[in-house]
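Coordinates as given in my_file_6.cif (mmCIF, C-alpha atoms, pLDDT in the B column; chains and numbers go by the auth columns):
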```cif
data_input
loop_
_atom_site.group_PDB
_atom_site.id
_atom_site.type_symbol
_atom_site.label_atom_id
_atom_site.label_comp_id
_atom_site.label_asym_id
_atom_site.label_seq_id
_atom_site.Cartn_x
_atom_site.Cartn_y
_atom_site.Cartn_z
_atom_site.B_iso_or_equiv
_atom_site.auth_seq_id
_atom_site.auth_asym_id
ATOM 1 C CA MET A 1 114.806 144.588 108.118 94.00 11 U
ATOM 2 C CA THR A 2 116.117 141.259 109.344 96.00 12 U
ATOM 3 C CA LEU A 3 115.408 138.235 107.176 98.00 13 U
ATOM 4 C CA GLU A 4 116.030 134.562 107.715 98.00 14 U
ATOM 5 C CA ILE A 5 117.177 133.104 104.398 98.00 15 U
ATOM 6 C CA LEU A 6 116.985 129.375 103.695 98.00 16 U
ATOM 7 C CA TYR A 7 118.573 127.412 100.857 98.00 17 U
ATOM 8 C CA PHE A 8 117.664 123.927 99.716 98.00 18 U
ATOM 9 C CA ALA A 9 119.089 121.207 97.453 98.00 19 U
ATOM 10 C CA TRP A 10 121.823 122.382 95.040 97.00 20 U
ATOM 11 C CA LEU A 11 121.386 126.013 96.074 97.00 21 U
ATOM 12 C CA ARG A 12 122.329 124.983 99.614 98.00 22 U
ATOM 13 C CA GLU A 13 125.311 123.017 98.303 97.00 23 U
ATOM 14 C CA ARG A 14 126.571 125.849 96.083 96.00 24 U
ATOM 15 C CA ILE A 15 126.189 128.502 98.755 97.00 25 U
ATOM 16 C CA GLY A 16 127.619 126.253 101.436 97.00 26 U
ATOM 17 C CA HIS A 17 125.093 126.629 104.251 96.00 27 U
ATOM 18 C CA PRO A 18 121.410 125.888 104.801 98.00 28 U
ATOM 19 C CA ARG A 19 120.381 129.207 106.359 98.00 29 U
ATOM 20 C CA GLU A 20 121.581 132.623 107.387 98.00 30 U
ATOM 21 C CA THR A 21 120.259 135.824 108.859 98.00 31 U
ATOM 22 C CA VAL A 22 120.689 138.975 106.788 97.00 32 U
ATOM 23 C CA GLU A 23 120.080 142.665 107.304 96.00 33 U
ATOM 24 C CA THR A 24 118.665 144.125 104.117 96.00 34 U
ATOM 25 C CA GLN A 25 116.736 147.036 102.684 94.00 35 U
ATOM 26 C CA ALA A 26 115.730 145.032 99.586 97.00 36 U
ATOM 27 C CA GLU A 27 112.151 145.775 98.625 97.00 37 U
ATOM 28 C CA THR A 28 111.576 142.707 96.477 98.00 38 U
ATOM 29 C CA VAL A 29 112.865 139.176 96.088 98.00 39 U
ATOM 30 C CA ALA A 30 114.705 140.249 92.917 98.00 40 U
ATOM 31 C CA ALA A 31 116.470 143.064 94.792 98.00 41 U
ATOM 32 C CA LEU A 32 117.474 140.640 97.554 98.00 42 U
ATOM 33 C CA ILE A 33 118.960 138.278 94.964 98.00 43 U
ATOM 34 C CA ASP A 34 120.960 141.176 93.488 97.00 44 U
ATOM 35 C CA GLU A 35 122.376 141.938 96.943 97.00 45 U
ATOM 36 C CA LEU A 36 123.290 138.299 97.534 97.00 46 U
ATOM 37 C CA ARG A 37 124.887 137.942 94.094 96.00 47 U
ATOM 38 C CA ALA A 38 127.128 140.935 94.766 96.00 48 U
ATOM 39 C CA ARG A 39 128.491 139.336 97.953 94.00 49 U
ATOM 40 C CA GLU A 40 130.615 136.464 96.713 95.00 50 U
ATOM 41 C CA ASP A 41 131.170 134.252 93.685 96.00 51 U
ATOM 42 C CA ARG A 42 129.361 131.289 95.227 96.00 52 U
ATOM 43 C CA TYR A 43 126.184 133.372 95.506 97.00 53 U
ATOM 44 C CA ALA A 44 126.598 134.687 91.950 96.00 54 U
ATOM 45 C CA LEU A 45 127.007 131.093 90.770 95.00 55 U
ATOM 46 C CA ALA A 46 123.995 129.824 92.716 96.00 56 U
ATOM 47 C CA PHE A 47 121.811 132.602 91.310 97.00 57 U
ATOM 48 C CA SER A 48 123.260 132.629 87.784 96.00 58 U
ATOM 49 C CA ASP A 49 120.162 131.075 86.191 95.00 59 U
ATOM 50 C CA LEU A 50 116.994 132.371 87.797 95.00 60 U
ATOM 51 C CA ASP A 51 114.821 130.156 85.583 94.00 61 U
ATOM 52 C CA ALA A 52 116.120 127.304 87.727 95.00 62 U
ATOM 53 C CA VAL A 53 115.347 129.023 91.044 97.00 63 U
ATOM 54 C CA ARG A 54 112.048 129.060 92.919 97.00 64 U
ATOM 55 C CA VAL A 55 111.303 131.221 95.947 98.00 65 U
ATOM 56 C CA ALA A 56 108.971 131.098 98.921 98.00 66 U
ATOM 57 C CA VAL A 57 108.304 134.070 101.190 98.00 67 U
ATOM 58 C CA ASP A 58 107.090 133.036 104.649 98.00 68 U
ATOM 59 C CA GLN A 59 106.544 129.530 103.285 97.00 69 U
ATOM 60 C CA ASP A 60 104.297 130.543 100.407 96.00 70 U
ATOM 61 C CA LEU A 61 105.522 130.021 96.863 95.00 71 U
ATOM 62 C CA CYS A 62 105.826 133.389 95.119 96.00 72 U
ATOM 63 C CA ASP A 63 107.785 135.096 92.354 95.00 73 U
ATOM 64 C CA MET A 64 110.757 137.397 91.920 96.00 74 U
ATOM 65 C CA ASP A 65 108.617 140.580 91.994 96.00 75 U
ATOM 66 C CA THR A 66 107.093 139.729 95.365 97.00 76 U
ATOM 67 C CA PRO A 67 107.553 142.560 97.898 97.00 77 U
ATOM 68 C CA LEU A 68 109.449 141.748 101.089 97.00 78 U
ATOM 69 C CA ALA A 69 107.743 144.270 103.375 95.00 79 U
ATOM 70 C CA GLY A 70 106.798 142.446 106.585 95.00 80 U
ATOM 71 C CA ALA A 71 108.479 139.196 105.516 97.00 81 U
ATOM 72 C CA ARG A 72 110.433 137.110 108.033 98.00 82 U
ATOM 73 C CA GLU A 73 111.620 134.108 106.040 98.00 83 U
ATOM 74 C CA VAL A 74 112.709 133.768 102.415 98.00 84 U
ATOM 75 C CA ALA A 75 113.630 130.382 100.943 98.00 85 U
ATOM 76 C CA PHE A 76 115.414 129.672 97.664 98.00 86 U
ATOM 77 C CA PHE A 77 115.335 126.266 95.999 98.00 87 U
ATOM 78 C CA PRO A 78 115.242 124.490 92.636 98.00 88 U
ATOM 79 C CA PRO A 79 111.950 123.328 91.076 97.00 89 U
ATOM 80 C CA MET A 80 110.395 120.800 93.428 97.00 90 U
ATOM 81 C CA THR A 81 110.492 117.064 92.804 96.00 91 U
ATOM 82 C CA GLY A 82 107.976 115.536 95.164 94.00 92 U
ATOM 83 C CA GLY A 83 105.806 112.496 94.643 91.00 93 U
ATOM 84 C CA MET B 1 92.082 114.853 105.798 93.00 257 S
ATOM 85 C CA GLN B 2 95.331 113.386 107.040 96.00 258 S
ATOM 86 C CA VAL B 3 98.806 114.621 106.099 97.00 259 S
ATOM 87 C CA ARG B 4 101.950 112.922 107.388 98.00 260 S
ATOM 88 C CA VAL B 5 105.516 113.947 106.558 98.00 261 S
ATOM 89 C CA GLN B 6 107.873 111.426 108.083 98.00 262 S
ATOM 90 C CA GLN B 7 111.273 109.823 107.885 98.00 263 S
ATOM 91 C CA GLU B 8 110.165 106.318 108.787 97.00 264 S
ATOM 92 C CA ASN B 9 108.736 103.789 106.366 97.00 265 S
ATOM 93 C CA PHE B 10 105.014 102.985 106.279 98.00 266 S
ATOM 94 C CA ASP B 11 103.099 99.800 105.562 98.00 267 S
ATOM 95 C CA PHE B 12 101.151 100.471 102.373 98.00 268 S
ATOM 96 C CA GLY B 13 98.747 97.571 102.941 97.00 269 S
ATOM 97 C CA ASP B 14 97.961 98.570 106.521 97.00 270 S
ATOM 98 C CA GLU B 15 97.471 102.204 105.545 97.00 271 S
ATOM 99 C CA CYS B 16 95.090 101.254 102.714 97.00 272 S
ATOM 100 C CA ALA B 17 93.119 98.882 104.932 96.00 273 S
ATOM 101 C CA ARG B 18 92.820 101.451 107.722 96.00 274 S
ATOM 102 C CA PHE B 19 91.823 104.191 105.285 96.00 275 S
ATOM 103 C CA ALA B 20 89.145 102.050 103.627 94.00 276 S
ATOM 104 C CA ALA B 21 87.730 100.581 106.849 93.00 277 S
ATOM 105 C CA ALA B 22 84.312 101.428 108.260 75.00 278 S
ATOM 106 C CA ARG B 23 83.125 104.110 105.906 83.00 279 S
ATOM 107 C CA GLU B 24 79.420 103.938 105.299 87.00 280 S
ATOM 108 C CA ASP B 25 79.402 107.145 103.251 92.00 281 S
ATOM 109 C CA THR B 26 82.090 105.874 100.865 95.00 282 S
ATOM 110 C CA GLY B 27 81.683 103.709 97.781 96.00 283 S
ATOM 111 C CA ALA B 28 85.169 104.067 96.311 97.00 284 S
ATOM 112 C CA VAL B 29 88.766 104.257 97.546 97.00 285 S
ATOM 113 C CA VAL B 30 91.669 105.002 95.188 98.00 286 S
ATOM 114 C CA THR B 31 95.282 104.645 96.349 98.00 287 S
ATOM 115 C CA PHE B 32 98.670 105.374 94.829 98.00 288 S
ATOM 116 C CA CYS B 33 102.133 104.506 96.125 98.00 289 S
ATOM 117 C CA GLY B 34 105.383 106.015 94.801 97.00 290 S
ATOM 118 C CA ILE B 35 108.482 103.816 94.947 97.00 291 S
ATOM 119 C CA VAL B 36 112.222 104.515 94.578 97.00 292 S
ATOM 120 C CA ARG B 37 113.146 103.229 91.127 92.00 293 S
ATOM 121 C CA ALA B 38 116.494 102.623 89.487 86.00 294 S
ATOM 122 C CA PRO B 39 117.733 105.488 87.269 83.00 295 S
ATOM 123 C CA ALA B 40 118.059 105.063 83.486 79.00 296 S
ATOM 124 C CA ALA B 41 121.852 104.755 83.824 80.00 297 S
ATOM 125 C CA GLY B 42 123.992 103.350 86.597 87.00 298 S
ATOM 126 C CA VAL B 43 123.261 101.508 89.818 94.00 299 S
ATOM 127 C CA LEU B 44 121.314 103.399 92.445 96.00 300 S
ATOM 128 C CA HIS B 45 122.802 103.117 95.924 97.00 301 S
ATOM 129 C CA ARG B 46 120.288 105.329 97.659 97.00 302 S
ATOM 130 C CA MET B 47 118.036 108.349 97.315 97.00 303 S
ATOM 131 C CA GLU B 48 118.249 111.351 99.647 98.00 304 S
ATOM 132 C CA ILE B 49 115.038 113.349 99.952 98.00 305 S
ATOM 133 C CA GLU B 50 115.325 116.838 101.381 98.00 306 S
ATOM 134 C CA HIS B 51 112.316 118.939 102.342 98.00 307 S
ATOM 135 C CA TYR B 52 111.357 122.279 103.836 98.00 308 S
ATOM 136 C CA PRO B 53 109.962 121.547 107.307 97.00 309 S
ATOM 137 C CA GLY B 54 106.935 123.698 107.968 96.00 310 S
ATOM 138 C CA MET B 55 106.266 124.656 104.376 98.00 311 S
ATOM 139 C CA THR B 56 105.980 120.997 103.371 98.00 312 S
ATOM 140 C CA GLU B 57 103.104 120.248 105.742 97.00 313 S
ATOM 141 C CA ARG B 58 101.458 123.529 104.872 96.00 314 S
ATOM 142 C CA ALA B 59 101.763 123.085 101.074 97.00 315 S
ATOM 143 C CA ILE B 60 100.439 119.514 101.196 98.00 316 S
ATOM 144 C CA ALA B 61 97.522 120.543 103.418 97.00 317 S
ATOM 145 C CA GLN B 62 96.639 123.321 100.950 97.00 318 S
ATOM 146 C CA ILE B 63 96.766 120.900 98.003 97.00 319 S
ATOM 147 C CA ALA B 64 94.650 118.336 99.874 98.00 320 S
ATOM 148 C CA GLN B 65 92.175 121.028 100.901 97.00 321 S
ATOM 149 C CA THR B 66 91.807 122.066 97.255 97.00 322 S
ATOM 150 C CA ALA B 67 91.080 118.441 96.328 98.00 323 S
ATOM 151 C CA LEU B 68 88.440 118.177 99.065 97.00 324 S
ATOM 152 C CA THR B 69 86.770 121.368 97.856 96.00 325 S
ATOM 153 C CA ARG B 70 86.907 120.492 94.191 97.00 326 S
ATOM 154 C CA TRP B 71 85.717 116.881 94.281 98.00 327 S
ATOM 155 C CA ASN B 72 83.096 115.149 96.302 97.00 328 S
ATOM 156 C CA LEU B 73 85.496 113.367 98.646 97.00 329 S
ATOM 157 C CA THR B 74 84.686 111.803 101.978 96.00 330 S
ATOM 158 C CA ASP B 75 88.381 111.808 102.990 96.00 331 S
ATOM 159 C CA CYS B 76 91.935 111.926 101.713 97.00 332 S
ATOM 160 C CA LEU B 77 95.337 110.865 103.033 98.00 333 S
ATOM 161 C CA VAL B 78 98.844 111.916 102.017 98.00 334 S
ATOM 162 C CA ILE B 79 102.009 110.341 103.464 98.00 335 S
ATOM 163 C CA HIS B 80 105.382 111.557 102.162 98.00 336 S
ATOM 164 C CA ARG B 81 108.777 110.459 103.421 98.00 337 S
ATOM 165 C CA TYR B 82 112.097 112.295 103.542 98.00 338 S
ATOM 166 C CA GLY B 83 115.649 111.271 104.416 98.00 339 S
ATOM 167 C CA THR B 84 117.595 108.291 103.062 98.00 340 S
ATOM 168 C CA LEU B 85 115.649 105.740 101.004 98.00 341 S
ATOM 169 C CA LEU B 86 116.874 102.578 99.317 97.00 342 S
ATOM 170 C CA PRO B 87 115.828 101.288 95.868 96.00 343 S
ATOM 171 C CA GLY B 88 112.402 99.674 96.049 96.00 344 S
ATOM 172 C CA GLU B 89 111.387 101.533 99.210 97.00 345 S
ATOM 173 C CA ARG B 90 108.097 103.380 99.373 98.00 346 S
ATOM 174 C CA ILE B 91 108.459 107.161 99.052 98.00 347 S
ATOM 175 C CA MET B 92 104.904 108.336 99.455 98.00 348 S
ATOM 176 C CA MET B 93 101.246 107.472 99.072 98.00 349 S
ATOM 177 C CA VAL B 94 97.915 109.134 98.534 98.00 350 S
ATOM 178 C CA ALA B 95 94.467 107.726 99.182 98.00 351 S
ATOM 179 C CA THR B 96 91.142 109.308 98.290 98.00 352 S
ATOM 180 C CA ALA B 97 87.643 108.218 99.258 98.00 353 S
ATOM 181 C CA SER B 98 84.361 109.240 97.653 97.00 354 S
ATOM 182 C CA ARG B 99 80.791 108.049 97.110 96.00 355 S
ATOM 183 C CA HIS B 100 81.489 107.256 93.437 96.00 356 S
ATOM 184 C CA ARG B 101 84.798 106.298 91.843 97.00 357 S
ATOM 185 C CA ALA B 102 85.188 109.170 89.355 98.00 358 S
ATOM 186 C CA ASP B 103 85.808 111.702 92.148 98.00 359 S
ATOM 187 C CA ALA B 104 88.333 109.473 93.925 98.00 360 S
ATOM 188 C CA PHE B 105 90.280 108.796 90.705 98.00 361 S
ATOM 189 C CA ALA B 106 90.348 112.433 89.577 98.00 362 S
ATOM 190 C CA ALA B 107 91.307 113.729 93.035 98.00 363 S
ATOM 191 C CA ALA B 108 94.144 111.188 93.379 98.00 364 S
ATOM 192 C CA ASP B 109 95.479 112.188 89.956 97.00 365 S
ATOM 193 C CA PHE B 110 95.253 115.880 90.876 98.00 366 S
ATOM 194 C CA LEU B 111 96.997 115.296 94.223 98.00 367 S
ATOM 195 C CA MET B 112 99.877 113.497 92.505 97.00 368 S
ATOM 196 C CA ASP B 113 100.349 116.201 89.862 96.00 369 S
ATOM 197 C CA TYR B 114 100.445 118.914 92.508 97.00 370 S
ATOM 198 C CA LEU B 115 102.592 117.025 95.019 97.00 371 S
ATOM 199 C CA LYS B 116 105.125 116.437 92.262 96.00 372 S
ATOM 200 C CA SER B 117 105.645 120.132 91.465 95.00 373 S
ATOM 201 C CA ARG B 118 104.294 122.107 94.432 96.00 374 S
ATOM 202 C CA ALA B 119 105.324 120.211 97.556 97.00 375 S
ATOM 203 C CA PRO B 120 108.833 121.300 98.633 98.00 376 S
ATOM 204 C CA PHE B 121 110.784 118.061 98.282 98.00 377 S
ATOM 205 C CA TRP B 122 114.030 117.549 96.382 98.00 378 S
ATOM 206 C CA LYS B 123 115.439 114.178 95.449 97.00 379 S
ATOM 207 C CA LYS B 124 119.102 113.342 95.076 97.00 380 S
ATOM 208 C CA GLU B 125 120.192 110.063 93.514 96.00 381 S
ATOM 209 C CA ILE B 126 123.447 108.538 94.711 96.00 382 S
ATOM 210 C CA THR B 127 124.583 106.020 92.092 95.00 383 S
ATOM 211 C CA ASP B 128 127.813 104.237 91.205 94.00 384 S
ATOM 212 C CA GLN B 129 128.416 107.150 88.783 91.00 385 S
ATOM 213 C CA GLY B 130 128.132 109.876 91.433 93.00 386 S
ATOM 214 C CA ALA B 131 125.446 112.012 93.061 94.00 387 S
ATOM 215 C CA ASP B 132 122.912 114.126 91.197 94.00 388 S
ATOM 216 C CA TRP B 133 119.793 116.101 92.014 96.00 389 S
ATOM 217 C CA VAL B 134 116.762 114.835 90.144 94.00 390 S
ATOM 218 C CA ALA B 135 115.683 117.579 87.733 92.00 391 S
ATOM 219 C CA ALA B 136 112.047 118.583 87.496 91.00 392 S
ATOM 220 C CA LYS B 137 110.540 117.749 84.112 91.00 393 S
ATOM 221 C CA ASP B 138 108.737 120.264 81.917 89.00 394 S
ATOM 222 C CA ALA B 139 105.996 117.665 81.555 90.00 395 S
ATOM 223 C CA ASP B 140 105.399 117.787 85.334 90.00 396 S
ATOM 224 C CA GLU B 141 104.813 121.517 85.221 88.00 397 S
ATOM 225 C CA GLU B 142 102.641 121.188 82.104 90.00 398 S
ATOM 226 C CA ALA B 143 100.553 118.529 83.839 90.00 399 S
ATOM 227 C CA LEU B 144 99.250 121.202 86.224 92.00 400 S
ATOM 228 C CA ALA B 145 97.602 123.069 83.341 90.00 401 S
ATOM 229 C CA ARG B 146 95.001 120.343 82.883 90.00 402 S
ATOM 230 C CA TRP B 147 93.516 121.112 86.303 92.00 403 S
#
```

Please go through the file and, once you have read it, give me the structure as structure tokens.
Amino acid sequence: MTLEILYFAWLRERIGHPRETVETQAETVAALIDELRAREDRYALAFSDLDAVRVAVDQDLCDMDTPLAGAREVAFFPPMTGG
Amino acid sequence: MQVRVQQENFDFGDECARFAAAREDTGAVVTFCGIVRAPAAGVLHRMEIEHYPGMTERAIAQIAQTALTRWNLTDCLVIHRYGTLLPGERIMMVATASRHRADAFAAADFLMDYLKSRAPFWKKEITDQGADWVAAKDADEEALARW
């Protein structure tokens, strides 16, 4: 499956780009993170503390167990600070 | 319901006046405006607000829709800016309108709690000491529990 992955705030800065397209067989968000972590140190660093990472699948906030079947876009970011 | 996500500034007075004008079904309007404030330490040069285009509009519309369903509102407005903001500049505003004031107050409070923690914005402060992302507070997340 082809996924568009987006990074925001310090995750974007640590990984070094705002978005990328990946080919993956990951079944859940957690499995996708494991794949990304294994790639390079900067990914491992960005995803070293998952308590500080939030995720949205197709622009809906979800959690690490969320299945990726049918998903097109996955975004990773720190806790939001709106308002 | 009106939701605007924009880079440009807005005139708080004009927005309030326009929102409150000509509403025969409304007896109360509550407004809130968030402003860029100086950090506890250092001198703030500017604030950079990043957001997630697409999800931002969608998340705010969902939050506003929940407010409209939950309270007896005649209308609500959310404006939130992104990009580079200077100290003292307006960041965002909410306005709620209802027949009686309790609904407008409660809905405005609810909107602010949810926008704080569930609208995809991230703030970075650039001060004379360097640049840092503003961390979310536990209290902000806990505030959601009261709704």

How would you write, as a compact mmCIF listing (two decimals) with C-alpha atoms, keeping the file's coordinate frame, the residues chosen by the PyMOL selection byres ((chain S and resi 385-402) around 9) on this structure?
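Saved to selection.txt:
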```
# COMPACT_ATOMS: atom_id res chain seq x y z
CA ALA U 19 119.09 121.21 97.45
CA TRP U 20 121.82 122.38 95.04
CA PRO U 88 115.24 124.49 92.64
CA PRO U 89 111.95 123.33 91.08
CA MET U 90 110.40 120.80 93.43
CA THR U 91 110.49 117.06 92.80
CA ALA S 297 121.85 104.76 83.82
CA GLY S 298 123.99 103.35 86.60
CA VAL S 299 123.26 101.51 89.82
CA LEU S 300 121.31 103.40 92.44
CA PHE S 366 95.25 115.88 90.88
CA ASP S 369 100.35 116.20 89.86
CA TYR S 370 100.44 118.91 92.51
CA LYS S 372 105.12 116.44 92.26
CA SER S 373 105.64 120.13 91.46
CA TRP S 378 114.03 117.55 96.38
CA LYS S 379 115.44 114.18 95.45
CA LYS S 380 119.10 113.34 95.08
CA GLU S 381 120.19 110.06 93.51
CA ILE S 382 123.45 108.54 94.71
CA THR S 383 124.58 106.02 92.09
CA ASP S 384 127.81 104.24 91.20
CA TRP S 403 93.52 121.11 86.30
```

Give me the box for region 323-328 of chain S as JSON, namely the centre and edge lengths in Å to one decimal of a box along x, y and z that holds every listed atom plus 8 Å on each side.
```
{"center_x": 87.1, "center_y": 118.3, "center_z": 96.6, "size_x": 24.0, "size_y": 22.2, "size_z": 20.9}
```

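Proximity of S:Thr312, S:Gln262, S:Asn328, S:Gln321 to Thr340 (chain S), computed with only C-alpha atoms, is greatest for S:Gln262.
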
Who sits within 7 Å of Val285 (chain S), all atoms listed in the file, same chain under 4 positions skipped, as a tab-separated table (two decimals) with C-alpha atoms, keeping the file's coordinate frame:
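Below you can see out.tsv, which holds the result:
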```tsv
chain	number	residue	atom	x	y	z
S	276	ALA	CA	89.14	102.05	103.63
S	351	ALA	CA	94.47	107.73	99.18
S	352	THR	CA	91.14	109.31	98.29
S	353	ALA	CA	87.64	108.22	99.26
S	354	SER	CA	84.36	109.24	97.65
S	360	ALA	CA	88.33	109.47	93.92
```

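When all atoms listed in the file are used to measure the gap to Gly80 (chain U), the shortest distance among U:Leu13, U:Ala66, U:Glu30, U:Asp61 belongs to U:Leu13.
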
TODO: May I have the residues of chain U within 12 Å of chain S, counting all atoms listed in the file, written as a count of residues only?
DONE: 32

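Taking CA of Phe268 (chain S) and CA of Gly339 (chain S) as endpoints, the distance between them is 18.2 Å.
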
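Take CA of Met257 (chain S) and CA of Gln318 (chain S): the distance between them is 10.8 Å.
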
Open item on the list: Need to verify the contact set: Glu37 (chain U), 7 Å, only C-alpha atoms, exclusion of same-chain residues closer than 5 positions in sequence. Can you return it as a list in words?
Closed with: Pro77, Leu78 and Ala79 of chain U

Next, dump the selected residues to file, keeping only C-alpha atoms, as a PDB file, keeping the file's coordinate frame.
```
ATOM      1  CA  PRO U  77     107.553 142.560  97.898  1.00 97.00           C
ATOM      2  CA  LEU U  78     109.449 141.748 101.089  1.00 97.00           C
ATOM      3  CA  ALA U  79     107.743 144.270 103.375  1.00 95.00           C
TER       4      ALA U  79
END
```

Task: Selection: 9 Å around Ile43 (chain U), only C-alpha atoms, excl. self and same-chain fewer than 6 positions, as a ChimeraX atom specification - done: /U:36,53-54,57,74

TODO: Using CA of Glu345 (chain S) and CA of Val292 (chain S) as the two end points, give the distance in Å to one decimal.
DONE: 5.6 Å

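Nearest-residue note for Ala284 (chain S): choosing from S:Ala323, S:Leu333, S:Ala358, S:Leu341, the minimum distance belongs to S:Ala358, counting only C-alpha atoms.
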
Open item on the list: Which residues are close to Arg326 (chain S), i.e. within 10 Å by all atoms listed in the file, leaving aside same-chain residues fewer than 3 positions away? Reply as a ChimeraX atom specification.
Closed with: /S:320-323,329,359,362-363
